[in-house]
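Following: one structure in structure tokens, then a few remarks.
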Amino acid sequence: MPNDQNELTKNQMRVLKYIKRQIEQKNNVPTIREIGDHLGIASPNGVAGLLNRIEAKGMIKRSKNRARSISLTEKSATPGLPLVGEVTAGPMTETFARAERFDFDGTQKKADFVLEVRGESMIEAQIAPGDFVLVKRQSNATRGDIVVVCDDENETTLKYWFPEKNRVRLQPANRNMKPIYRKDVRVQGVVVGLVRKY
């Protein structure tokens, strides 16, 4: 049993961990039904009750009458940024999920997550294989931003963002590589920092 009214019970912790994992790794807020299905809780009222108690302890916020309205509070945060996978600085390719956290001593204030870079298409922007890019999660970008984008087959890449008339030019920072042109891509986030291991 928790010793403090702000501590979570085992079931509350399971729910909170699942919510955080879905948001951080998949950029997806789960519904009450999805939480129940994943954790084996048959009753929607049972899940709602757990969410009410987690919210009362200040770990989440919810909006009434909306299916995907859960947001995490600062109180629920684990120190550091989540390393959610790898992104290719090269052709569009699948992102591999990871589940680690990194604390970069103050460089992470504007970022929401971290990706490890594979490939060499951004080396002239000083982004090399093995570097970690700090990414602010957002769905829009300004022309010339370095972005993480995803296409309709859930393949991702790291490139400069240049919208054109009927398509987007994803421009590498490597004179030996050609740009990628896509009509249907979604911005997952904008790079706001870089960390390199020596």
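Chain lettering (A, B, ...) mirrors the order of the structure tokens, residue numbering begins at 1 for each chain separately, and ligand numbering begins at 1 in order of display.
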
Original post:
His38 (chain A): which residues within 12 Å, counting only C-alpha atoms, same-chain residues fewer than 3 positions away excluded, as a ChimeraX atom specification?
Top reply: /A:14-15,17-19,22,30-35,41-42,47

Subject >> Which of region 8-197 of chain A DSSP labels helix (DSSP H, G or I), written as a PyMOL selection string >> reply: chain A and resi 10-26+32-39+44-56+74-76+123-125

Subject >> Near-region 129-141 of chain A list (9 Å; only C-alpha atoms; drop same-chain fewer than 2 positions) as an NGL selection string >> reply: :A and (27 or 81 or 83 or 86 or 88-89 or 107-108 or 110-120 or 122-123 or 127 or 143-148 or 161 or 186-197)

Now that the selection is made, can you save its residues with C-alpha atoms as a PDB file, in the first residue's frame?
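again-v1.pdb was written with the following content:
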ATOM      1  CA  ASN A  27       2.593  10.194 -30.109  1.00  0.00           C
ATOM      2  CA  LEU A  81      14.041  12.952 -22.337  1.00  0.00           C
ATOM      3  CA  LEU A  83      14.918   8.149 -26.520  1.00  0.00           C
ATOM      4  CA  GLU A  86      16.382   5.897 -34.374  1.00  0.00           C
ATOM      5  CA  THR A  88      17.675   7.746 -40.715  1.00  0.00           C
ATOM      6  CA  ALA A  89      19.533  10.673 -42.184  1.00  0.00           C
ATOM      7  CA  THR A 107      20.046  21.301 -23.076  1.00  0.00           C
ATOM      8  CA  GLN A 108      16.657  19.609 -23.235  1.00  0.00           C
ATOM      9  CA  LYS A 110      12.673  22.947 -25.462  1.00  0.00           C
ATOM     10  CA  ALA A 111      12.693  19.294 -26.568  1.00  0.00           C
ATOM     11  CA  ASP A 112      10.147  16.510 -26.061  1.00  0.00           C
ATOM     12  CA  PHE A 113      12.108  13.456 -27.157  1.00  0.00           C
ATOM     13  CA  VAL A 114      15.424  12.201 -28.536  1.00  0.00           C
ATOM     14  CA  LEU A 115      16.282  10.201 -31.649  1.00  0.00           C
ATOM     15  CA  GLU A 116      19.583   8.553 -32.468  1.00  0.00           C
ATOM     16  CA  VAL A 117      20.792   9.353 -35.993  1.00  0.00           C
ATOM     17  CA  ARG A 118      21.716   6.724 -38.550  1.00  0.00           C
ATOM     18  CA  GLY A 119      23.071   7.577 -42.017  1.00  0.00           C
ATOM     19  CA  GLU A 120      25.060  10.486 -43.441  1.00  0.00           C
ATOM     20  CA  MET A 122      22.868  15.515 -42.810  1.00  0.00           C
ATOM     21  CA  ILE A 123      26.641  15.571 -42.260  1.00  0.00           C
ATOM     22  CA  ILE A 127      24.670  15.861 -37.823  1.00  0.00           C
ATOM     23  CA  ARG A 143      10.690  26.395 -44.503  1.00  0.00           C
ATOM     24  CA  GLY A 144      14.327  25.411 -43.941  1.00  0.00           C
ATOM     25  CA  ASP A 145      13.787  23.732 -40.546  1.00  0.00           C
ATOM     26  CA  ILE A 146      15.467  20.407 -39.885  1.00  0.00           C
ATOM     27  CA  VAL A 147      12.555  18.057 -39.287  1.00  0.00           C
ATOM     28  CA  VAL A 148      11.646  14.473 -38.547  1.00  0.00           C
ATOM     29  CA  TRP A 161      11.883  20.950 -44.878  1.00  0.00           C
ATOM     30  CA  ARG A 186       3.686  14.521 -41.818  1.00  0.00           C
ATOM     31  CA  VAL A 187       6.008  16.528 -39.629  1.00  0.00           C
ATOM     32  CA  GLN A 188       6.621  14.656 -36.367  1.00  0.00           C
ATOM     33  CA  GLY A 189       8.871  17.302 -34.849  1.00  0.00           C
ATOM     34  CA  VAL A 190      11.534  19.956 -35.392  1.00  0.00           C
ATOM     35  CA  VAL A 191      15.148  19.524 -34.324  1.00  0.00           C
ATOM     36  CA  VAL A 192      16.033  21.972 -31.559  1.00  0.00           C
ATOM     37  CA  GLY A 193      19.349  20.545 -30.381  1.00  0.00           C
ATOM     38  CA  LEU A 194      22.130  18.050 -30.936  1.00  0.00           C
ATOM     39  CA  VAL A 195      24.205  15.960 -28.552  1.00  0.00           C
ATOM     40  CA  ARG A 196      27.272  14.033 -29.639  1.00  0.00           C
ATOM     41  CA  LYS A 197      29.018  11.282 -27.698  1.00  0.00           C
TER      42      LYS A 197
END

Original post:
Excluding same-chain residues fewer than 6 positions from Lys61 (chain A), what lies within 9 Å of it counting only C-alpha atoms, as a ChimeraX atom specification?
Top reply: /A:54-55,69-73

Let's have the selection written as a PDB file, in the first residue's frame, with C-alpha atoms.
ATOM      1  CA  ILE A  54      -4.342   9.452 -10.972  1.00  0.00           C
ATOM      2  CA  GLU A  55      -5.709  12.859 -11.960  1.00  0.00           C
ATOM      3  CA  SER A  69      -7.998  14.119 -23.788  1.00  0.00           C
ATOM      4  CA  ILE A  70      -5.337  12.848 -21.353  1.00  0.00           C
ATOM      5  CA  SER A  71      -2.221  14.964 -20.957  1.00  0.00           C
ATOM      6  CA  LEU A  72       0.728  14.374 -18.659  1.00  0.00           C
ATOM      7  CA  THR A  73       1.663  16.919 -15.997  1.00  0.00           C
TER       8      THR A  73
END

Original post:
Residues at most 12 Å from Ala56 (chain A), counting only C-alpha atoms, excluding those fewer than 4 positions away in the same chain, as a list in words?
Top reply: Gln5, Asn6, Glu7, Leu8, Gln12, Gly49, Leu50, Leu51, Asn52, Ile60, Lys61, Arg62, Thr73 and Lys75 of chain A

**OP:** Using only C-alpha atoms, determine which residues lie at most 8 Å from Ala173 (chain A), disregarding the query and same-chain residues fewer than 3 positions distant; provide the list as a VMD selection string.
**Re:** chain A and resid 121 to 125 159 to 160

Subject >> Residues near Glu164 (chain A), cut-off 12 Å, only C-alpha atoms, skip fewer than 6 positions along chain, as a PyMOL selection string >> reply: chain A and resi 143-144+170-171+181-183

**OP:** Give me, please, the distance in Å between CA of Gln126 (chain A) and CA of Asp152 (chain A), quoted to one decimal.
**Re:**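 Taking CA of Gln126 (chain A) and CA of Asp152 (chain A), their separation equals 28.4 Å.
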
Original post:
Of the candidates A:Arg53, A:Asp184, A:Arg169, A:Leu39, which one gets nearest to Cys150 (chain A) if we count only C-alpha atoms?
Top reply: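 Ranked by minimum distance to Cys150 (chain A), first place goes to A:Asp184.
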
Original post:
Between CA of Val168 (chain A) and CA of Val149 (chain A), what is the spacing in Å?
Top reply: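 Calculated distance between CA of Val149 (chain A) and CA of Val168 (chain A) is 10.6 Å.
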
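Going from CA of Arg68 (chain A) over to CA of Val29 (chain A), you cover 5.5 Å.
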